[in-house]
Amino acid sequence: MSDIPVSTPINPMLGDNMQQATLDDRNNIPNAGHGGHTVIEEATQDKVKATEKNKTVGKPLCDNPKIEVRDVSVFYGEKQAVFGVDLDIAKNEVIAMIGPSGCGKSTFLRCLNRMNDTVDTCRVEGSITLEGQDIYAPKLDVVPLRAKVGMVFQKPNPFPKSIYENVIYGPKIHGLASRRSEMDEIVETSLRKAGLWEEVKDRLHQPGTGLSGGQQQRLCIARTIAVSPEVILMDEPCSALDPIATAKIEELIAELSQNYTIAIVTHSMQQAARVSNRTAYFHLGKLIEVNDTQLVFTNPDHELTEAYITGRFG
Amino acid sequence: MNNSDSMSVAERVEKNLAKRYRAEKRFRIFGMISVSIGIIALIGLFTQIISNGAGAFFQTYVKLDITFDADELGISDPTDPDQLMIGNYDGIVRDALRERFPSVTKRREKRDLYSLVSIGASYRLQSDLRQNPQLLGTTQTLWVLADDDVDVYFKSREDEPFIGRLNDLQVEWIESLAKSNELKTKFNTIFFTSGDSAEPEQAGILGALLGSLLTLLVTLLLSFPIGVAAAIYLEEYAKSNKFTDFIEVNINNLAAVPSVIFGLLGLAIFLNFFNMPRSIPLVGGFVLTLMTLPTIIISSRAAIKAVPPSIRQAALGMGASKMQMILHHVLPLALPGMLTGAIIGMAQALGETAPLLMIGMVAFIVELPGSVADPATVLPVQIFLWADSPERAFTERTSAAIMVLLAFLITMNTFAIWLRKKLERRW
Ligand SMILES: Nc1ncnc2c1ncn2[C@@H]1O[C@H](COP(=O)(O)OP(=O)(O)OP(=O)(O)O)[C@@H](O)[C@H]1O
Ligand SMILES: [Mg+2]
C-alpha cells in the first residue's frame, strides 16, 4: 500500500514539474538489486490516477537484466522527449512499447543502440548498460555495440544492392566472414531464420529493392540477424505491411525470441498482445506502466494505460 | 440559391472539366512552342556553322610535273639528312610552275605565279625525298598544296568566285589550271593533323584539340576529387556553425564570379608567385579547376543530400562506421549526381577563353603539345584567334574549329552520360 507515494499531486502533463517529480520519486522505485519486485499489485484494485502518480507502475525491473536503463532522459535541443525512464529488459524476452504518437517510443528505442548519436541536437542523460557495460561510456565504440544491438526500421530499407550483398554486408564489415563458403552459409541461415530463403533462393543476386514490402522487411531482419546480435530493436516493423506480411513477421518474432532479446515498438495493440511477454506504455515521454502483456491488456494498473488501450485516446 | 443549384454536381463538374481540359491544352501548347523555338534556333545555328565551315574540310591541290633536279636542289646524297634539310625545294617547285606557264617572264609576274603554291609544298617534297631517295633526278607528277587564296577561289568558283587578293593574271592562271583539271580538292587532312600556322592552308586544329584535352584532363583530375572530397566533408563531417555557413555562402558566390577573375588570380598566383611557365595546359588546368570547383562542390553536395536518410540509418544501424557508410552507400548513390555536376563543370571549362587569355594561352603555337608542360592553346582560344585573322580561308576554318569544339563537347557529354547511366543502377 504505502508504495504508492502520495506526494504533492502533480499533473504529469506539466512538463516543467515532471522531471522534478521523477527525480523525487526515483528513490521509491523498487530496485531489482534489492530484493526483486516489490510491486504495486495492490493497486490493481483501484486504478492509479494520472494526477497522483508520477512513476512507472507495474514491473519495470527484473532480475539479471540484459539491458538496464536508469533515469534516462532524452533532449532534442531544448525540448525534452523522454523523461527519466527506468526499465529492465530481460534476456530473451520480447518487450513491446506502445503509446500515443510522439510519446517518445522511437526516441527511447534508438537510445538502446545509440542511433540517436546521428541526430546532432539529441542529448541523452542517465545510464544504459548492456550486460553491465555502460553503452554511453565515452570510450565505448558504437560499431561493436550496434553489432550486438541490431535494429529494424519502420520502413523497409534494404540497401540498393543484391539480396546476397544486403545480408552479407554486416558480417563483411565486422570481419565475420571472408571465405565464399562462409558467406554463402551465413546468407542462407540468416535468410532461413527470417523465413525468406524459400522465396529468394533463386534470385539472391537480384536487387533487394525488387522484393515486396513484406519481403523487404524480412530481408532487413535477415540482414540484422546475420551478424548474430544479442538484442534486436524493431521500430514499428509492420506498419508498412499488409496483414499477411505482418503475420509472417510476427511469427518470425516469436521464433527469434528463443535466441534473441527483442524490443518492439508498435501501434497495434493486437500485435503487442500477440508477440510480447511484457508491454511498456509510454505517455508524453514518460514510461507510465510496464507489466506482463496479458495484464496490461486485461487489467492495466494505470488510468492512462487503460484509457489508451480502451481507445479513449492515441 | 440560384442557377448553380439547378445543376447537379455531376453537371457542374462536367462543365468545369471542359475548362480544365482547355487550360491543360494551352499549357501543353506553350511548352511545345518553347521547345520548338529551341530546336529551330539550334538547327539555324548548326546549318549556319556547317555551311560556313564545311569548305574547310577540303583543300585544293595543284598538279605539277616536278623534277627532283640534284643541282637545283643542291643535294648530292639524298640519304644525308643534313643535305635534305637545306635542299632548295622552292626552286624545283618554281621550275615546275615556270614550265607550266612558259609565257611568264617578268619578275613581278613570276612572283605572282610562285605564290599560287603554298610554301607547305616544299616540306611535302622534302619528306617525299627522305622517304624515297630514288626520286632524285626523276620527274614526278605530283599534287602539291595550293595557296589559300587559290583554294578559296577554286572552291567558290562555281557560284560566285571570291577573288580576294588575287590579280587578274593569277585568276587567269587558275582558270587555265582548272579547265585542264590540274586543280582538285582533297579531304583536308592537314586541318586535323597540324598545329596552328600563319598560312591558312597549313593551319590545323590538332594543336588546340590536344591543348584542350590536356587542360581538361588536368582540370578533371584536380577538380573532381577535390570537389567531391570538399562536398563530403561539408555535408557529412562539418558541424553547422557560423564558419561553415560562411564557407557555404562563399562557395555559392564563387560559382557566380566571372571567369576572367579566375584568370587574374591564376596569373597572380601561378605565374607571378610560383613562376610557372606561361601558356601551358598545367596552369590552364589549375585556373579552370578554381573555376569549376564551386560547380562541382555544389552539385556534389546536392547529390549527397539526395541520398535517402533511410539508407544511412540502415548502414549505421548495421554497425558501419561513418566512413564505411559514406564509401559503401552514400557515394555510390550520389556518384551519378556528382558526375552531372562534373559534366557541367567540364563543359564550362572546355568553352572558357577569358581566364586562359590571362595566363598566356593565347600565344601563337605551331608545335603540337606533347605534355601538360608544353606550350599550347585551346579550342575556344584558337577559334578566337582565327576569327580575328583577315584571311578568308581562316573564316571557314573558324567555323570548322567550332564544329570540332562542338563534336568534342558532344563526345565528352555522351561519354559522361553513358558512364552515369551505367552507375545509376537505382534498384
Ligand atoms: N530529430 C528530432 N528532432 C527534434 N525533435 C524530435 C526528433 N525526433 C523526434 N522528436 C520529437 O521527440 C518526440 C518523440 O518522438 P518519437 O519519434 O520518439 O515519437 P514516437 O513515440 O516514436 O511517435 P510515433 O508513434 O509517431 O512514431 C516528439 O515530440 C518529436 O517531435
Ligand atoms: Mg516512432
# chains A, B, ... in the order shown; residues from 1 in each chain; ligands from 1
call {"tool": "select_by_dssp", "arguments": {"residues": "range 69-298 of chain B", "states": "helix (DSSP H, G or I)", "output": "PyMOL selection string"}}
result
chain B and resi 70-73+81-86+89-100+107-114+120-131+133-135+148-156+168-179+189-193+200-202+206-237+242-255+259-273+281-298
call {"tool": "residues_near_ligand", "arguments": {"ligand": "ligand 1", "cutoff": "12 Å", "atoms": "only C-alpha atoms and all ligand atoms", "output": "PyMOL selection string"}}
result
(chain A and resi 73-83+97-111+115-123+153-155+234-237+239+264-268+280-287+314) or (chain B and resi 309)
call {"tool": "closest_atom_pairs", "arguments": {"of": "chain B", "to": "chain A", "cutoff": "7 Å", "atoms": "only C-alpha atoms", "output": "tab-separated table"}}
result
residue	atom	partner	partner_atom	distance
B:Ser310	CA	A:Asn157	CA	6.0
B:Ile311	CA	A:Asn157	CA	6.2
B:Ala314	CA	A:Asn157	CA	6.5
B:Gly317	CA	A:Met151	CA	5.8
B:Met318	CA	A:Gly170	CA	5.8
B:Gly319	CA	A:Val143	CA	4.6
B:Ala320	CA	A:Val143	CA	6.5
B:Ser321	CA	A:Val143	CA	6.5
B:Arg426	CA	A:Pro160	CA	6.7
B:Trp427	CA	A:Pro160	CA	5.4
call {"tool": "residues_around", "arguments": {"residues": "range 88-92 of chain A", "least_positions_apart": "2", "cutoff": "12 Å", "atoms": "only C-alpha atoms", "output": "JSON, numbers by chain"}}
result
{"A": [30, 31, 32, 33, 36, 37, 59, 60, 61, 62, 63, 64, 65, 66, 67, 68, 69, 70, 71, 72, 85, 86, 94, 95, 96, 97, 109, 112, 127, 128, 129, 130, 131, 132, 229, 230, 231, 232, 233, 253, 254, 255, 256, 257, 258, 259, 260, 261, 262, 263, 264, 276, 277, 278, 279, 280, 290, 291]}
call {"tool": "atom_distance", "arguments": {"atom1": "CA of Leu64 in chain B", "atom2": "CA of Phe101 in chain B"}}
result
11.0 Å
call {"tool": "residues_around", "arguments": {"residues": "range 223-227 of chain B", "least_positions_apart": "6", "cutoff": "10 Å", "atoms": "only C-alpha atoms", "output": "VMD selection string"}}
result
chain B and resid 216 to 217 233 285 to 286 288 to 301 338 to 339 341 to 342 345 to 346
call {"tool": "atom_distance", "arguments": {"atom1": "CA of Ser51 in chain B", "atom2": "CA of Thr398 in chain B"}}
result
11.9 Å
call {"tool": "atom_distance", "arguments": {"atom1": "CA of Ala96 in chain B", "atom2": "CA of Ile66 in chain B"}}
result
5.4 Å
call {"tool": "residues_around", "arguments": {"residues": "range 155-170 of chain B", "least_positions_apart": "5", "cutoff": "7 Å", "atoms": "only C-alpha atoms", "output": "number ranges by chain"}}
result
B: 112-113, 149
call {"tool": "residues_around", "arguments": {"residues": "Leu357 in chain B", "least_positions_apart": "4", "cutoff": "9 Å", "atoms": "only C-alpha atoms", "output": "PyMOL selection string"}}
result
chain B and resi 260+263+279+353+361-363+381
call {"tool": "residues_around", "arguments": {"residues": "Gly284 in chain B", "least_positions_apart": "5", "cutoff": "12 Å", "atoms": "only C-alpha atoms", "output": "VMD selection string"}}
result
chain B and resid 211 to 220 222 262 to 267 270 to 271 276 to 279 289 to 291 349 to 350 352 to 362 372 to 378 381
call {"tool": "select_by_dssp", "arguments": {"residues": "range 120-292 of chain A", "states": "strand (DSSP E)", "output": "PyMOL selection string"}}
result
chain A and resi 122-130+133-134+149-152+231-235+261-265+278-283+286-292
call {"tool": "decode", "arguments": {"residues": "range 258-271 of chain B", "atoms": "all heavy atoms", "output": "mmCIF file, in the first residue's frame"}}
result
data_model
loop_
_atom_site.group_PDB
_atom_site.id
_atom_site.type_symbol
_atom_site.label_atom_id
_atom_site.label_comp_id
_atom_site.auth_asym_id
_atom_site.auth_seq_id
_atom_site.Cartn_x
_atom_site.Cartn_y
_atom_site.Cartn_z
ATOM 1 N N PRO B 258 32.722 36.034 -62.412
ATOM 2 C CA PRO B 258 33.108 35.976 -63.834
ATOM 3 C C PRO B 258 34.453 35.271 -63.986
ATOM 4 O O PRO B 258 35.365 35.473 -63.190
ATOM 5 C CB PRO B 258 33.222 37.446 -64.220
ATOM 6 C CG PRO B 258 32.460 38.187 -63.208
ATOM 7 C CD PRO B 258 32.501 37.406 -61.961
ATOM 8 N N SER B 259 34.549 34.468 -65.035
ATOM 9 C CA SER B 259 35.696 33.577 -65.124
ATOM 10 C C SER B 259 37.004 34.326 -65.311
ATOM 11 O O SER B 259 38.066 33.840 -64.948
ATOM 12 C CB SER B 259 35.483 32.594 -66.261
ATOM 13 O OG SER B 259 35.266 33.309 -67.437
ATOM 14 N N VAL B 260 36.929 35.525 -65.862
ATOM 15 C CA VAL B 260 38.169 36.252 -66.112
ATOM 16 C C VAL B 260 38.901 36.550 -64.801
ATOM 17 O O VAL B 260 40.123 36.617 -64.750
ATOM 18 C CB VAL B 260 37.872 37.550 -66.907
ATOM 19 C CG1 VAL B 260 37.097 38.537 -66.074
ATOM 20 C CG2 VAL B 260 39.137 38.155 -67.435
ATOM 21 N N ILE B 261 38.119 36.667 -63.732
ATOM 22 C CA ILE B 261 38.721 36.921 -62.425
ATOM 23 C C ILE B 261 39.620 35.750 -62.017
ATOM 24 O O ILE B 261 40.693 35.927 -61.452
ATOM 25 C CB ILE B 261 37.621 37.105 -61.354
ATOM 26 C CG1 ILE B 261 36.561 38.091 -61.816
ATOM 27 C CG2 ILE B 261 38.224 37.487 -60.016
ATOM 28 C CD1 ILE B 261 36.861 39.511 -61.572
ATOM 29 N N PHE B 262 39.148 34.531 -62.339
ATOM 30 C CA PHE B 262 39.974 33.365 -62.016
ATOM 31 C C PHE B 262 41.278 33.401 -62.810
ATOM 32 O O PHE B 262 42.312 32.955 -62.342
ATOM 33 C CB PHE B 262 39.213 32.071 -62.306
ATOM 34 C CG PHE B 262 38.105 31.816 -61.345
ATOM 35 C CD1 PHE B 262 36.795 32.021 -61.707
ATOM 36 C CD2 PHE B 262 38.363 31.378 -60.063
ATOM 37 C CE1 PHE B 262 35.752 31.810 -60.830
ATOM 38 C CE2 PHE B 262 37.342 31.152 -59.167
ATOM 39 C CZ PHE B 262 36.032 31.366 -59.549
ATOM 40 N N GLY B 263 41.185 33.954 -64.043
ATOM 41 C CA GLY B 263 42.387 34.100 -64.847
ATOM 42 C C GLY B 263 43.374 35.036 -64.176
ATOM 43 O O GLY B 263 44.569 34.749 -64.100
ATOM 44 N N LEU B 264 42.851 36.146 -63.656
ATOM 45 C CA LEU B 264 43.719 37.105 -62.969
ATOM 46 C C LEU B 264 44.354 36.466 -61.744
ATOM 47 O O LEU B 264 45.539 36.628 -61.471
ATOM 48 C CB LEU B 264 42.913 38.336 -62.551
ATOM 49 C CG LEU B 264 42.625 39.326 -63.677
ATOM 50 C CD1 LEU B 264 41.656 40.387 -63.213
ATOM 51 C CD2 LEU B 264 43.932 39.960 -64.141
ATOM 52 N N LEU B 265 43.531 35.698 -61.037
ATOM 53 C CA LEU B 265 44.026 35.001 -59.849
ATOM 54 C C LEU B 265 45.148 34.044 -60.246
ATOM 55 O O LEU B 265 46.201 33.989 -59.606
ATOM 56 C CB LEU B 265 42.868 34.228 -59.226
ATOM 57 C CG LEU B 265 43.127 33.577 -57.879
ATOM 58 C CD1 LEU B 265 43.229 34.644 -56.824
ATOM 59 C CD2 LEU B 265 41.994 32.622 -57.543
ATOM 60 N N GLY B 266 44.904 33.301 -61.339
ATOM 61 C CA GLY B 266 45.914 32.355 -61.813
ATOM 62 C C GLY B 266 47.186 33.083 -62.210
ATOM 63 O O GLY B 266 48.297 32.632 -61.908
ATOM 64 N N LEU B 267 47.017 34.209 -62.861
ATOM 65 C CA LEU B 267 48.174 35.000 -63.267
ATOM 66 C C LEU B 267 48.976 35.411 -62.035
ATOM 67 O O LEU B 267 50.200 35.264 -61.989
ATOM 68 C CB LEU B 267 47.691 36.239 -64.027
ATOM 69 C CG LEU B 267 48.745 37.227 -64.489
ATOM 70 C CD1 LEU B 267 49.616 36.584 -65.545
ATOM 71 C CD2 LEU B 267 48.092 38.487 -65.045
ATOM 72 N N ALA B 268 48.260 35.894 -61.023
ATOM 73 C CA ALA B 268 48.956 36.380 -59.833
ATOM 74 C C ALA B 268 49.613 35.243 -59.069
ATOM 75 O O ALA B 268 50.742 35.353 -58.604
ATOM 76 C CB ALA B 268 47.967 37.124 -58.942
ATOM 77 N N ILE B 269 48.895 34.134 -58.934
ATOM 78 C CA ILE B 269 49.415 33.057 -58.085
ATOM 79 C C ILE B 269 50.395 32.164 -58.843
ATOM 80 O O ILE B 269 51.555 32.035 -58.467
ATOM 81 C CB ILE B 269 48.257 32.199 -57.536
ATOM 82 C CG1 ILE B 269 47.385 33.036 -56.620
ATOM 83 C CG2 ILE B 269 48.815 31.010 -56.768
ATOM 84 C CD1 ILE B 269 46.201 32.308 -56.070
ATOM 85 N N PHE B 270 49.923 31.568 -59.933
ATOM 86 C CA PHE B 270 50.737 30.532 -60.563
ATOM 87 C C PHE B 270 51.903 31.120 -61.356
ATOM 88 O O PHE B 270 53.005 30.585 -61.321
ATOM 89 C CB PHE B 270 49.869 29.658 -61.467
ATOM 90 C CG PHE B 270 48.767 28.974 -60.722
ATOM 91 C CD1 PHE B 270 47.446 29.154 -61.081
ATOM 92 C CD2 PHE B 270 49.060 28.159 -59.646
ATOM 93 C CE1 PHE B 270 46.429 28.542 -60.387
ATOM 94 C CE2 PHE B 270 48.048 27.537 -58.937
ATOM 95 C CZ PHE B 270 46.724 27.729 -59.309
ATOM 96 N N LEU B 271 51.647 32.203 -62.085
ATOM 97 C CA LEU B 271 52.712 32.747 -62.921
ATOM 98 C C LEU B 271 53.629 33.675 -62.130
ATOM 99 O O LEU B 271 54.845 33.513 -62.125
ATOM 100 C CB LEU B 271 52.124 33.471 -64.131
ATOM 101 C CG LEU B 271 51.284 32.614 -65.063
ATOM 102 C CD1 LEU B 271 50.982 33.355 -66.342
ATOM 103 C CD2 LEU B 271 51.976 31.300 -65.388
#
